[in-house]
>>> print(open('coords37.csv').read())   # CSV, N, CA and C atoms
chain,number,residue,atom,x,y,z
A,1,MET,N,103.8,125.6,102.4
A,1,MET,CA,105.2,125.7,102.8
A,1,MET,C,105.6,124.3,103.4
A,2,THR,N,106.7,123.8,102.9
A,2,THR,CA,107.2,122.5,103.4
A,2,THR,C,107.4,122.5,104.9
A,3,ALA,N,107.1,121.4,105.5
A,3,ALA,CA,107.2,121.2,107.0
A,3,ALA,C,108.0,119.9,107.2
A,4,TYR,N,108.6,119.9,108.4
A,4,TYR,CA,109.5,118.8,108.7
A,4,TYR,C,109.2,118.1,110.0
A,5,ALA,N,109.3,116.8,110.0
A,5,ALA,CA,109.3,116.1,111.3
A,5,ALA,C,110.7,115.7,111.5
A,6,ILE,N,111.2,116.1,112.7
A,6,ILE,CA,112.6,115.9,113.0
A,6,ILE,C,112.7,115.1,114.3
A,7,ALA,N,113.5,114.0,114.3
A,7,ALA,CA,113.7,113.3,115.5
A,7,ALA,C,115.2,113.1,115.8
A,8,HIS,N,115.5,113.4,117.1
A,8,HIS,CA,116.9,113.1,117.5
A,8,HIS,C,116.7,111.9,118.4
A,9,LEU,N,117.2,110.8,118.0
A,9,LEU,CA,117.1,109.5,118.7
A,9,LEU,C,118.3,109.2,119.4
A,10,HIS,N,118.2,109.1,120.7
A,10,HIS,CA,119.4,108.8,121.6
A,10,HIS,C,119.5,107.3,121.8
A,11,ARG,N,120.7,106.8,121.7
A,11,ARG,CA,121.1,105.4,121.9
A,11,ARG,C,120.1,104.4,121.1
A,12,PRO,N,120.0,104.6,119.8
A,12,PRO,CA,119.1,103.7,119.1
A,12,PRO,C,119.7,102.3,119.1
A,13,THR,N,118.8,101.3,119.4
A,13,THR,CA,119.2,99.9,119.4
A,13,THR,C,118.1,99.2,118.6
A,14,LEU,N,118.6,98.2,117.9
A,14,LEU,CA,117.6,97.4,117.1
A,14,LEU,C,117.1,96.2,117.9
A,15,ASN,N,115.8,96.0,117.7
A,15,ASN,CA,115.1,94.8,118.2
A,15,ASN,C,113.9,94.6,117.2
A,16,GLU,N,113.1,93.6,117.5
A,16,GLU,CA,112.0,93.2,116.6
A,16,GLU,C,111.0,94.4,116.5
A,17,ASP,N,110.7,95.0,117.6
A,17,ASP,CA,109.7,96.1,117.6
A,17,ASP,C,110.2,97.3,116.7
A,18,VAL,N,111.5,97.7,116.9
A,18,VAL,CA,112.1,98.8,116.2
A,18,VAL,C,112.1,98.5,114.7
A,19,LEU,N,112.5,97.2,114.4
A,19,LEU,CA,112.5,96.8,112.9
A,19,LEU,C,111.1,96.9,112.3
A,20,ARG,N,110.1,96.4,113.1
A,20,ARG,CA,108.7,96.5,112.6
A,20,ARG,C,108.3,97.9,112.4
A,21,TYR,N,108.7,98.8,113.3
A,21,TYR,CA,108.4,100.2,113.2
A,21,TYR,C,109.0,100.8,111.8
A,22,ILE,N,110.2,100.5,111.6
A,22,ILE,CA,110.9,100.9,110.4
A,22,ILE,C,110.2,100.3,109.1
A,23,GLU,N,109.8,99.1,109.2
A,23,GLU,CA,109.1,98.5,108.1
A,23,GLU,C,107.8,99.1,107.8
A,24,GLU,N,107.1,99.6,108.8
A,24,GLU,CA,105.7,100.0,108.7
A,24,GLU,C,105.5,101.6,108.6
A,25,ILE,N,106.5,102.3,108.9
A,25,ILE,CA,106.4,103.8,109.0
A,25,ILE,C,106.0,104.4,107.6
A,26,GLN,N,106.7,103.9,106.5
A,26,GLN,CA,106.4,104.5,105.2
A,26,GLN,C,105.0,104.5,104.8
A,27,ALA,N,104.3,103.4,105.1
A,27,ALA,CA,102.8,103.3,104.8
A,27,ALA,C,102.0,104.4,105.5
A,28,THR,N,102.5,104.8,106.7
A,28,THR,CA,101.7,105.8,107.5
A,28,THR,C,102.0,107.2,106.9
A,29,MET,N,103.1,107.4,106.3
A,29,MET,CA,103.5,108.7,105.8
A,29,MET,C,102.9,108.9,104.4
A,30,ASP,N,102.8,107.9,103.6
A,30,ASP,CA,102.3,108.0,102.2
A,30,ASP,C,101.0,108.8,102.0
A,31,PRO,N,100.0,108.6,102.8
A,31,PRO,CA,98.7,109.4,102.6
A,31,PRO,C,98.9,110.9,102.9
A,32,PHE,N,100.0,111.3,103.5
A,32,PHE,CA,100.2,112.7,103.9
A,32,PHE,C,101.3,113.3,103.1
A,33,GLY,N,101.8,112.6,102.1
A,33,GLY,CA,102.9,113.1,101.3
A,33,GLY,C,104.3,113.2,101.9
A,34,GLY,N,104.4,112.4,103.0
A,34,GLY,CA,105.7,112.4,103.7
A,34,GLY,C,106.8,111.6,103.0
A,35,ARG,N,108.0,112.1,103.1
A,35,ARG,CA,109.1,111.3,102.6
A,35,ARG,C,110.4,111.5,103.4
A,36,PHE,N,111.2,110.5,103.6
A,36,PHE,CA,112.4,110.6,104.3
A,36,PHE,C,113.4,111.5,103.6
A,37,LEU,N,114.0,112.4,104.3
A,37,LEU,CA,115.1,113.3,103.8
A,37,LEU,C,116.4,112.9,104.4
A,38,VAL,N,116.3,112.4,105.7
A,38,VAL,CA,117.5,111.9,106.4
A,38,VAL,C,117.0,110.7,107.2
A,39,HIS,N,117.6,109.6,107.0
A,39,HIS,CA,117.2,108.3,107.8
A,39,HIS,C,118.4,107.4,107.8
A,40,GLY,N,118.8,107.0,109.0
A,40,GLY,CA,119.8,106.0,109.1
A,40,GLY,C,121.2,106.4,108.8
A,41,LYS,N,121.5,107.7,108.8
A,41,LYS,CA,122.8,108.3,108.6
A,41,LYS,C,123.4,108.8,109.8
A,42,GLU,N,124.7,108.7,110.0
A,42,GLU,CA,125.4,109.2,111.1
A,42,GLU,C,125.6,110.7,110.9
A,43,ALA,N,125.4,111.5,112.0
A,43,ALA,CA,125.6,112.9,111.9
A,43,ALA,C,127.1,113.3,112.0
A,44,GLU,N,127.5,114.2,111.3
A,44,GLU,CA,128.9,114.8,111.4
A,44,GLU,C,128.8,115.9,112.4
A,45,VAL,N,129.2,115.8,113.6
A,45,VAL,CA,129.0,116.8,114.7
A,45,VAL,C,130.2,117.7,114.7
A,46,PHE,N,129.9,119.0,114.6
A,46,PHE,CA,130.9,120.1,114.7
A,46,PHE,C,130.9,120.8,116.0
A,47,GLU,N,129.7,120.9,116.6
A,47,GLU,CA,129.6,121.7,117.8
A,47,GLU,C,128.7,121.0,118.8
A,48,GLY,N,129.2,120.9,120.1
A,48,GLY,CA,128.4,120.3,121.1
A,48,GLY,C,128.2,118.8,121.0
A,49,PRO,N,127.7,118.3,122.1
A,49,PRO,CA,127.4,116.8,122.1
A,49,PRO,C,126.1,116.5,121.3
A,50,PHE,N,126.2,115.4,120.6
A,50,PHE,CA,125.0,115.0,119.8
A,50,PHE,C,125.0,113.4,119.8
A,51,PRO,N,124.6,112.8,120.9
A,51,PRO,CA,124.5,111.4,120.9
A,51,PRO,C,123.4,110.9,120.1
A,52,GLY,N,123.6,109.8,119.4
A,52,GLY,CA,122.5,109.2,118.6
A,52,GLY,C,122.5,109.5,117.2
A,53,THR,N,121.3,109.5,116.6
A,53,THR,CA,121.1,109.7,115.2
A,53,THR,C,119.9,110.7,115.0
A,54,VAL,N,119.8,111.2,113.8
A,54,VAL,CA,118.7,112.1,113.4
A,54,VAL,C,117.9,111.6,112.3
A,55,VAL,N,116.6,111.9,112.3
A,55,VAL,CA,115.7,111.5,111.2
A,55,VAL,C,115.0,112.8,110.8
A,56,VAL,N,114.9,113.0,109.5
A,56,VAL,CA,114.2,114.2,109.0
A,56,VAL,C,113.2,113.7,107.9
A,57,ILE,N,111.9,114.0,108.1
A,57,ILE,CA,110.9,113.6,107.2
A,57,ILE,C,110.2,114.9,106.6
A,58,GLY,N,110.1,115.1,105.3
A,58,GLY,CA,109.5,116.2,104.8
A,58,GLY,C,108.1,116.0,104.4
A,59,PHE,N,107.2,117.0,104.6
A,59,PHE,CA,105.8,117.0,104.3
A,59,PHE,C,105.5,118.2,103.5
A,60,PRO,N,104.5,118.1,102.6
A,60,PRO,CA,104.1,119.3,101.8
A,60,PRO,C,103.8,120.6,102.6
A,61,ASP,N,103.2,120.4,103.8
A,61,ASP,CA,102.9,121.5,104.7
A,61,ASP,C,102.7,121.1,106.1
A,62,ILE,N,102.6,122.0,107.0
A,62,ILE,CA,102.5,121.7,108.5
A,62,ILE,C,101.2,121.0,108.8
A,63,GLU,N,100.2,121.3,108.1
A,63,GLU,CA,98.9,120.6,108.4
A,63,GLU,C,99.0,119.1,108.1
A,64,ARG,N,99.6,118.7,107.0
A,64,ARG,CA,99.8,117.3,106.7
A,64,ARG,C,100.8,116.6,107.7
A,65,ALA,N,101.8,117.3,108.1
A,65,ALA,CA,102.7,116.8,109.1
A,65,ALA,C,102.0,116.5,110.4
A,66,ARG,N,101.2,117.5,110.8
A,66,ARG,CA,100.4,117.3,112.1
A,66,ARG,C,99.4,116.1,111.9
A,67,ALA,N,98.8,116.1,110.8
A,67,ALA,CA,97.8,115.0,110.6
A,67,ALA,C,98.4,113.6,110.6
A,68,TRP,N,99.6,113.5,110.0
A,68,TRP,CA,100.4,112.3,110.0
A,68,TRP,C,100.7,111.9,111.4
A,69,TYR,N,101.3,112.8,112.2
A,69,TYR,CA,101.7,112.4,113.6
A,69,TYR,C,100.5,112.0,114.4
A,70,ALA,N,99.3,112.6,114.2
A,70,ALA,CA,98.1,112.3,114.9
A,70,ALA,C,97.3,111.2,114.4
A,71,SER,N,97.7,110.7,113.2
A,71,SER,CA,96.9,109.6,112.5
A,71,SER,C,96.9,108.3,113.3
A,72,ASP,N,95.8,107.6,113.2
A,72,ASP,CA,95.6,106.3,113.9
A,72,ASP,C,96.7,105.4,113.5
A,73,ALA,N,97.0,105.4,112.2
A,73,ALA,CA,98.1,104.4,111.7
A,73,ALA,C,99.4,104.7,112.3
A,74,TYR,N,99.8,106.0,112.4
A,74,TYR,CA,101.1,106.3,113.0
A,74,TYR,C,101.1,106.0,114.5
A,75,ARG,N,100.0,106.5,115.2
A,75,ARG,CA,99.9,106.3,116.6
A,75,ARG,C,100.0,104.8,117.0
A,76,ALA,N,99.5,103.9,116.1
A,76,ALA,CA,99.5,102.5,116.4
A,76,ALA,C,100.9,101.9,116.4
A,77,ILE,N,101.8,102.5,115.6
A,77,ILE,CA,103.2,101.9,115.6
A,77,ILE,C,104.2,102.7,116.4
A,78,LEU,N,103.8,103.9,116.8
A,78,LEU,CA,104.7,104.8,117.6
A,78,LEU,C,105.4,104.1,118.8
A,79,PRO,N,104.6,103.4,119.6
A,79,PRO,CA,105.2,102.8,120.8
A,79,PRO,C,106.3,101.7,120.4
A,80,LEU,N,106.3,101.2,119.2
A,80,LEU,CA,107.3,100.3,118.8
A,80,LEU,C,108.7,100.9,118.9
A,81,ARG,N,108.7,102.2,118.6
A,81,ARG,CA,110.0,103.0,118.7
A,81,ARG,C,110.1,103.6,120.1
A,82,THR,N,109.1,104.3,120.6
A,82,THR,CA,109.3,105.1,121.8
A,82,THR,C,109.5,104.2,123.0
A,83,ASP,N,109.0,103.0,123.0
A,83,ASP,CA,109.3,102.0,124.1
A,83,ASP,C,110.7,101.6,124.2
A,84,HIS,N,111.5,101.8,123.1
A,84,HIS,CA,112.8,101.2,123.1
A,84,HIS,C,113.9,102.3,122.8
A,85,ILE,N,113.6,103.4,122.2
A,85,ILE,CA,114.6,104.4,121.9
A,85,ILE,C,114.1,105.8,122.4
A,86,PRO,N,114.8,106.3,123.4
A,86,PRO,CA,114.5,107.6,123.9
A,86,PRO,C,114.9,108.7,122.9
A,87,GLY,N,114.3,109.8,122.9
A,87,GLY,CA,114.6,110.8,122.0
A,87,GLY,C,113.7,112.0,122.0
A,88,THR,N,113.8,112.9,121.1
A,88,THR,CA,113.0,114.1,121.0
A,88,THR,C,112.5,114.2,119.5
A,89,ALA,N,111.2,114.5,119.4
A,89,ALA,CA,110.6,114.6,118.1
A,89,ALA,C,109.9,116.0,118.0
A,90,ILE,N,110.1,116.7,116.9
A,90,ILE,CA,109.4,118.0,116.7
A,90,ILE,C,108.8,118.0,115.3
A,91,LEU,N,107.9,118.9,115.1
A,91,LEU,CA,107.4,119.3,113.8
A,91,LEU,C,107.7,120.8,113.6
A,92,VAL,N,108.2,121.2,112.5
A,92,VAL,CA,108.6,122.6,112.2
A,92,VAL,C,108.4,122.9,110.8
A,93,GLU,N,107.9,124.2,110.6
A,93,GLU,CA,107.6,124.6,109.2
A,93,GLU,C,108.9,125.2,108.7
A,94,GLY,N,109.1,125.0,107.4
A,94,GLY,CA,110.3,125.5,106.7
A,94,GLY,C,110.1,126.9,106.3
A,95,VAL,N,111.1,127.4,105.5
A,95,VAL,CA,111.0,128.8,105.0
A,95,VAL,C,110.9,128.7,103.5
A,96,PRO,N,110.4,129.8,102.9
A,96,PRO,CA,110.2,129.8,101.5
A,96,PRO,C,111.6,129.8,100.7
A,97,ALA,N,111.5,129.4,99.5
A,97,ALA,CA,112.7,129.2,98.7
A,97,ALA,C,113.5,130.5,98.6
A,98,ASP,N,112.8,131.7,98.6
A,98,ASP,CA,113.5,132.9,98.5
A,98,ASP,C,113.9,133.6,99.8
A,99,TYR,N,113.8,132.8,100.9
A,99,TYR,CA,114.1,133.3,102.3
A,99,TYR,C,115.5,133.9,102.3
A,100,ASP,N,115.7,135.0,103.0
A,100,ASP,CA,116.9,135.7,103.2
A,100,ASP,C,117.0,136.1,104.7
A,101,ALA,N,118.0,135.6,105.4
A,101,ALA,CA,118.2,135.8,106.8
A,101,ALA,C,118.4,137.3,107.1
A,102,THR,N,118.8,138.1,106.2
A,102,THR,CA,119.0,139.5,106.4
A,102,THR,C,117.7,140.2,106.9
A,103,GLY,N,116.6,139.9,106.2
A,103,GLY,CA,115.3,140.4,106.6
A,103,GLY,C,114.9,140.0,108.0
A,104,ARG,N,115.2,138.8,108.4
A,104,ARG,CA,114.9,138.3,109.7
A,104,ARG,C,115.7,139.0,110.7
A,105,ALA,N,117.0,139.2,110.4
A,105,ALA,CA,117.9,139.9,111.4
A,105,ALA,C,117.4,141.3,111.6
A,106,GLY,N,116.9,142.0,110.5
A,106,GLY,CA,116.4,143.3,110.7
A,106,GLY,C,115.2,143.4,111.6
A,107,ALA,N,114.3,142.4,111.4
A,107,ALA,CA,113.0,142.4,112.2
A,107,ALA,C,113.4,142.1,113.7
A,108,LEU,N,114.4,141.2,113.9
A,108,LEU,CA,114.8,140.9,115.3
A,108,LEU,C,115.5,142.2,115.9
A,109,ARG,N,116.3,142.8,115.1
A,109,ARG,CA,117.0,144.0,115.6
A,109,ARG,C,116.0,145.1,116.0
A,110,GLU,N,114.9,145.3,115.1
A,110,GLU,CA,113.9,146.3,115.4
A,110,GLU,C,113.1,145.9,116.7
A,111,ALA,N,112.7,144.6,116.8
A,111,ALA,CA,111.9,144.2,117.9
A,111,ALA,C,112.7,144.3,119.2
A,112,ALA,N,114.1,144.2,119.2
A,112,ALA,CA,114.9,144.3,120.3
A,112,ALA,C,115.3,145.7,120.6
A,113,GLY,N,115.0,146.7,119.7
A,113,GLY,CA,115.4,148.0,119.9
A,113,GLY,C,116.9,148.3,119.7
A,114,LEU,N,117.5,147.5,118.8
A,114,LEU,CA,119.0,147.6,118.6
A,114,LEU,C,119.3,148.2,117.3
>>> encode(input="coords37.csv", output="structure tokens")
Amino acid sequence: MTAYAIAHLHRPTLNEDVLRYIEEIQATMDPFGGRFLVHGKEAEVFEGPFPGTVVVIGFPDIERARAWYASDAYRAILPLRTDHIPGTAILVEGVPADYDATGRAGALREAAGL
């Protein structure tokens, strides 16, 4: 099942460290099948505050996403970003192609006794 690394980066600013991070990140993702799905695009905000930008990286599965984030290669460059750009980063597993929210609503309804 596809998994995603998602980062919400607040007040991104460019400097030599951040540019080096951007230049080197792809090589850390390649061994784990990671690829950018969203990178460097402005979000179109419809609800609530959303300062900054969003990055979405897809991986073939959650195990490879975790392995990438924990890899020596990625950990070596991570401070180049985190020392300069505050934000939040998460890993999350996607849903299957045939996912239907109706089934999820039913399970939630049953669990809540509604």
>>> atom_distance(input="coords37.csv", atom1="atom CA of Thr88 of chain A", atom2="atom CA of Ala107 of chain A")
29.6 Å
>>> residues_around(input="coords37.csv", residues="segment 81-83 of chain A", least_positions_apart="5", cutoff="6 Å", atoms="all atoms listed in the file", output="list in words")
Asp17, Val18 and Tyr21 of chain A
>>> residues_near_point(input="coords37.csv", point="(111.9, 117.0, 118.7)", cutoff="8 Å", atoms="only N, CA and C atoms", output="list in words")
Ala5, Ile6, Ala7, His8, Gly87, Thr88, Ala89, Ile90 and Leu91 of chain A
>>> closest_residue(input="coords37.csv", among="A:Pro12, A:Gly113, A:Pro86, A:Gly34", to="Pro60 of chain A", atoms="all atoms listed in the file")
A:Gly34
>>> atom_distance(input="coords37.csv", atom1="atom CA of Leu14 of chain A", atom2="atom C of Leu80 of chain A")
9.7 Å
>>> atom_distance(input="coords37.csv", atom1="atom N of Phe32 of chain A", atom2="atom C of Ile62 of chain A")
11.1 Å
>>> closest_residue(input="coords37.csv", among="A:Val95, A:Ile85, A:Ala112, A:Val54", to="Leu19 of chain A", atoms="only C-alpha atoms")
A:Ile85
>>> closest_residue(input="coords37.csv", among="A:Asp61, A:Asp98, A:Glu93, A:Glu47", to="Gly33 of chain A", atoms="only C-alpha atoms")
A:Asp61
>>> residues_near_point(input="coords37.csv", point="(120.9, 110.2, 119.0)", cutoff="6 Å", atoms="all atoms listed in the file", output="short mmCIF file (atom, residue, chain, number, x, y, z; two decimals) with N, CA and C atoms, in the coordinates of the input")
data_model
loop_
_atom_site.label_atom_id
_atom_site.label_comp_id
_atom_site.auth_asym_id
_atom_site.auth_seq_id
_atom_site.Cartn_x
_atom_site.Cartn_y
_atom_site.Cartn_z
N HIS A 8 115.50 113.40 117.10
CA HIS A 8 116.90 113.10 117.50
C HIS A 8 116.70 111.90 118.40
N LEU A 9 117.20 110.80 118.00
CA LEU A 9 117.10 109.50 118.70
C LEU A 9 118.30 109.20 119.40
N HIS A 10 118.20 109.10 120.70
CA HIS A 10 119.40 108.80 121.60
C HIS A 10 119.50 107.30 121.80
N ARG A 11 120.70 106.80 121.70
CA ARG A 11 121.10 105.40 121.90
C ARG A 11 120.10 104.40 121.10
N PRO A 12 120.00 104.60 119.80
CA PRO A 12 119.10 103.70 119.10
C PRO A 12 119.70 102.30 119.10
N PHE A 50 126.20 115.40 120.60
CA PHE A 50 125.00 115.00 119.80
C PHE A 50 125.00 113.40 119.80
N PRO A 51 124.60 112.80 120.90
CA PRO A 51 124.50 111.40 120.90
C PRO A 51 123.40 110.90 120.10
N GLY A 52 123.60 109.80 119.40
CA GLY A 52 122.50 109.20 118.60
C GLY A 52 122.50 109.50 117.20
N THR A 53 121.30 109.50 116.60
CA THR A 53 121.10 109.70 115.20
C THR A 53 119.90 110.70 115.00
N VAL A 54 119.80 111.20 113.80
CA VAL A 54 118.70 112.10 113.40
C VAL A 54 117.90 111.60 112.30
#
>>> residues_around(input="coords37.csv", residues="Thr28 of chain A", least_positions_apart="2", cutoff="6 Å", atoms="only C-alpha atoms", output="ChimeraX atom specification")
/A:25-26,30,73-74
>>> residues_around(input="coords37.csv", residues="Phe36 of chain A", least_positions_apart="4", cutoff="8 Å", atoms="only C-alpha atoms", output="MDAnalysis selection string")
chainID A and resid 55:58
>>> select_by_dssp(input="coords37.csv", residues="chain A", states="strand (DSSP E or B)", output="list in words")
Ala3, Tyr4, Ala5, Ile6, Ala7, His8, Leu9, Arg35, Phe36, Leu37, Val38, Thr53, Val54, Val55, Val56, Ile57, Gly58, Phe59, Gly87, Thr88, Ala89, Ile90, Leu91, Val92 and Glu93 of chain A
>>> select_by_dssp(input="coords37.csv", residues="chain A", states="alpha helix (DSSP H)", output="PyMOL selection string")
chain A and resi 16-29+62-70+72-82+101-112
>>> decode(input="coords37.csv", residues="segment 52-75 of chain A", atoms="N, CA, C and O atoms", output="PDB file, in the first residue's frame")
ATOM      1  N   GLY A  52       2.963  28.822   5.075  1.00  0.00           N
ATOM      2  CA  GLY A  52       4.059  28.020   4.551  1.00  0.00           C
ATOM      3  C   GLY A  52       3.693  27.200   3.333  1.00  0.00           C
ATOM      4  O   GLY A  52       2.781  27.531   2.589  1.00  0.00           O
ATOM      5  N   THR A  53       4.428  26.109   3.156  1.00  0.00           N
ATOM      6  CA  THR A  53       4.258  25.243   2.000  1.00  0.00           C
ATOM      7  C   THR A  53       4.107  23.791   2.447  1.00  0.00           C
ATOM      8  O   THR A  53       4.360  23.456   3.599  1.00  0.00           O
ATOM      9  N   VAL A  54       3.730  22.954   1.503  1.00  0.00           N
ATOM     10  CA  VAL A  54       3.567  21.533   1.784  1.00  0.00           C
ATOM     11  C   VAL A  54       4.426  20.733   0.808  1.00  0.00           C
ATOM     12  O   VAL A  54       4.606  21.128  -0.347  1.00  0.00           O
ATOM     13  N   VAL A  55       4.965  19.623   1.304  1.00  0.00           N
ATOM     14  CA  VAL A  55       5.740  18.691   0.486  1.00  0.00           C
ATOM     15  C   VAL A  55       5.123  17.311   0.680  1.00  0.00           C
ATOM     16  O   VAL A  55       4.839  16.915   1.813  1.00  0.00           O
ATOM     17  N   VAL A  56       4.900  16.582  -0.421  1.00  0.00           N
ATOM     18  CA  VAL A  56       4.379  15.223  -0.336  1.00  0.00           C
ATOM     19  C   VAL A  56       5.301  14.321  -1.149  1.00  0.00           C
ATOM     20  O   VAL A  56       5.551  14.583  -2.332  1.00  0.00           O
ATOM     21  N   ILE A  57       5.788  13.271  -0.502  1.00  0.00           N
ATOM     22  CA  ILE A  57       6.661  12.288  -1.150  1.00  0.00           C
ATOM     23  C   ILE A  57       5.965  10.935  -1.062  1.00  0.00           C
ATOM     24  O   ILE A  57       5.543  10.521   0.026  1.00  0.00           O
ATOM     25  N   GLY A  58       5.824  10.252  -2.179  1.00  0.00           N
ATOM     26  CA  GLY A  58       5.207   8.936  -2.199  1.00  0.00           C
ATOM     27  C   GLY A  58       6.246   7.836  -2.136  1.00  0.00           C
ATOM     28  O   GLY A  58       7.322   7.942  -2.741  1.00  0.00           O
ATOM     29  N   PHE A  59       5.924   6.774  -1.403  1.00  0.00           N
ATOM     30  CA  PHE A  59       6.768   5.585  -1.302  1.00  0.00           C
ATOM     31  C   PHE A  59       5.910   4.356  -1.595  1.00  0.00           C
ATOM     32  O   PHE A  59       4.704   4.372  -1.356  1.00  0.00           O
ATOM     33  N   PRO A  60       6.513   3.282  -2.070  1.00  0.00           N
ATOM     34  CA  PRO A  60       5.737   2.077  -2.382  1.00  0.00           C
ATOM     35  C   PRO A  60       4.974   1.516  -1.183  1.00  0.00           C
ATOM     36  O   PRO A  60       3.910   0.925  -1.345  1.00  0.00           O
ATOM     37  N   ASP A  61       5.509   1.685   0.044  1.00  0.00           N
ATOM     38  CA  ASP A  61       4.838   1.174   1.234  1.00  0.00           C
ATOM     39  C   ASP A  61       5.393   1.880   2.461  1.00  0.00           C
ATOM     40  O   ASP A  61       6.409   2.581   2.387  1.00  0.00           O
ATOM     41  N   ILE A  62       4.735   1.697   3.595  1.00  0.00           N
ATOM     42  CA  ILE A  62       5.113   2.387   4.825  1.00  0.00           C
ATOM     43  C   ILE A  62       6.486   1.931   5.333  1.00  0.00           C
ATOM     44  O   ILE A  62       7.237   2.724   5.900  1.00  0.00           O
ATOM     45  N   GLU A  63       6.833   0.672   5.096  1.00  0.00           N
ATOM     46  CA  GLU A  63       8.134   0.184   5.557  1.00  0.00           C
ATOM     47  C   GLU A  63       9.276   0.940   4.862  1.00  0.00           C
ATOM     48  O   GLU A  63      10.262   1.309   5.499  1.00  0.00           O
ATOM     49  N   ARG A  64       9.136   1.151   3.553  1.00  0.00           N
ATOM     50  CA  ARG A  64      10.182   1.881   2.837  1.00  0.00           C
ATOM     51  C   ARG A  64      10.187   3.358   3.212  1.00  0.00           C
ATOM     52  O   ARG A  64      11.250   3.976   3.270  1.00  0.00           O
ATOM     53  N   ALA A  65       9.029   3.930   3.500  1.00  0.00           N
ATOM     54  CA  ALA A  65       8.982   5.323   3.957  1.00  0.00           C
ATOM     55  C   ALA A  65       9.711   5.459   5.291  1.00  0.00           C
ATOM     56  O   ALA A  65      10.514   6.375   5.479  1.00  0.00           O
ATOM     57  N   ARG A  66       9.452   4.544   6.202  1.00  0.00           N
ATOM     58  CA  ARG A  66      10.130   4.565   7.507  1.00  0.00           C
ATOM     59  C   ARG A  66      11.630   4.355   7.346  1.00  0.00           C
ATOM     60  O   ARG A  66      12.438   5.008   8.016  1.00  0.00           O
ATOM     61  N   ALA A  67      11.997   3.416   6.490  1.00  0.00           N
ATOM     62  CA  ALA A  67      13.422   3.130   6.278  1.00  0.00           C
ATOM     63  C   ALA A  67      14.138   4.339   5.688  1.00  0.00           C
ATOM     64  O   ALA A  67      15.279   4.639   6.056  1.00  0.00           O
ATOM     65  N   TRP A  68      13.493   5.038   4.755  1.00  0.00           N
ATOM     66  CA  TRP A  68      14.088   6.265   4.200  1.00  0.00           C
ATOM     67  C   TRP A  68      14.309   7.291   5.293  1.00  0.00           C
ATOM     68  O   TRP A  68      15.407   7.824   5.427  1.00  0.00           O
ATOM     69  N   TYR A  69      13.272   7.575   6.092  1.00  0.00           N
ATOM     70  CA  TYR A  69      13.388   8.619   7.114  1.00  0.00           C
ATOM     71  C   TYR A  69      14.470   8.269   8.136  1.00  0.00           C
ATOM     72  O   TYR A  69      15.165   9.152   8.628  1.00  0.00           O
ATOM     73  N   ALA A  70      14.635   6.993   8.443  1.00  0.00           N
ATOM     74  CA  ALA A  70      15.626   6.554   9.423  1.00  0.00           C
ATOM     75  C   ALA A  70      17.006   6.313   8.813  1.00  0.00           C
ATOM     76  O   ALA A  70      17.964   6.065   9.539  1.00  0.00           O
ATOM     77  N   SER A  71      17.120   6.401   7.485  1.00  0.00           N
ATOM     78  CA  SER A  71      18.389   6.069   6.831  1.00  0.00           C
ATOM     79  C   SER A  71      19.499   7.046   7.205  1.00  0.00           C
ATOM     80  O   SER A  71      19.264   8.224   7.474  1.00  0.00           O
ATOM     81  N   ASP A  72      20.712   6.536   7.228  1.00  0.00           N
ATOM     82  CA  ASP A  72      21.876   7.377   7.518  1.00  0.00           C
ATOM     83  C   ASP A  72      21.992   8.521   6.524  1.00  0.00           C
ATOM     84  O   ASP A  72      22.323   9.647   6.899  1.00  0.00           O
ATOM     85  N   ALA A  73      21.708   8.236   5.260  1.00  0.00           N
ATOM     86  CA  ALA A  73      21.836   9.264   4.219  1.00  0.00           C
ATOM     87  C   ALA A  73      20.868  10.418   4.461  1.00  0.00           C
ATOM     88  O   ALA A  73      21.239  11.592   4.340  1.00  0.00           O
ATOM     89  N   TYR A  74      19.619  10.105   4.809  1.00  0.00           N
ATOM     90  CA  TYR A  74      18.649  11.178   5.041  1.00  0.00           C
ATOM     91  C   TYR A  74      18.934  11.889   6.358  1.00  0.00           C
ATOM     92  O   TYR A  74      18.884  13.120   6.430  1.00  0.00           O
ATOM     93  N   ARG A  75      19.249  11.150   7.402  1.00  0.00           N
ATOM     94  CA  ARG A  75      19.532  11.760   8.706  1.00  0.00           C
ATOM     95  C   ARG A  75      20.727  12.713   8.614  1.00  0.00           C
ATOM     96  O   ARG A  75      20.794  13.704   9.327  1.00  0.00           O
TER      97      ARG A  75
END
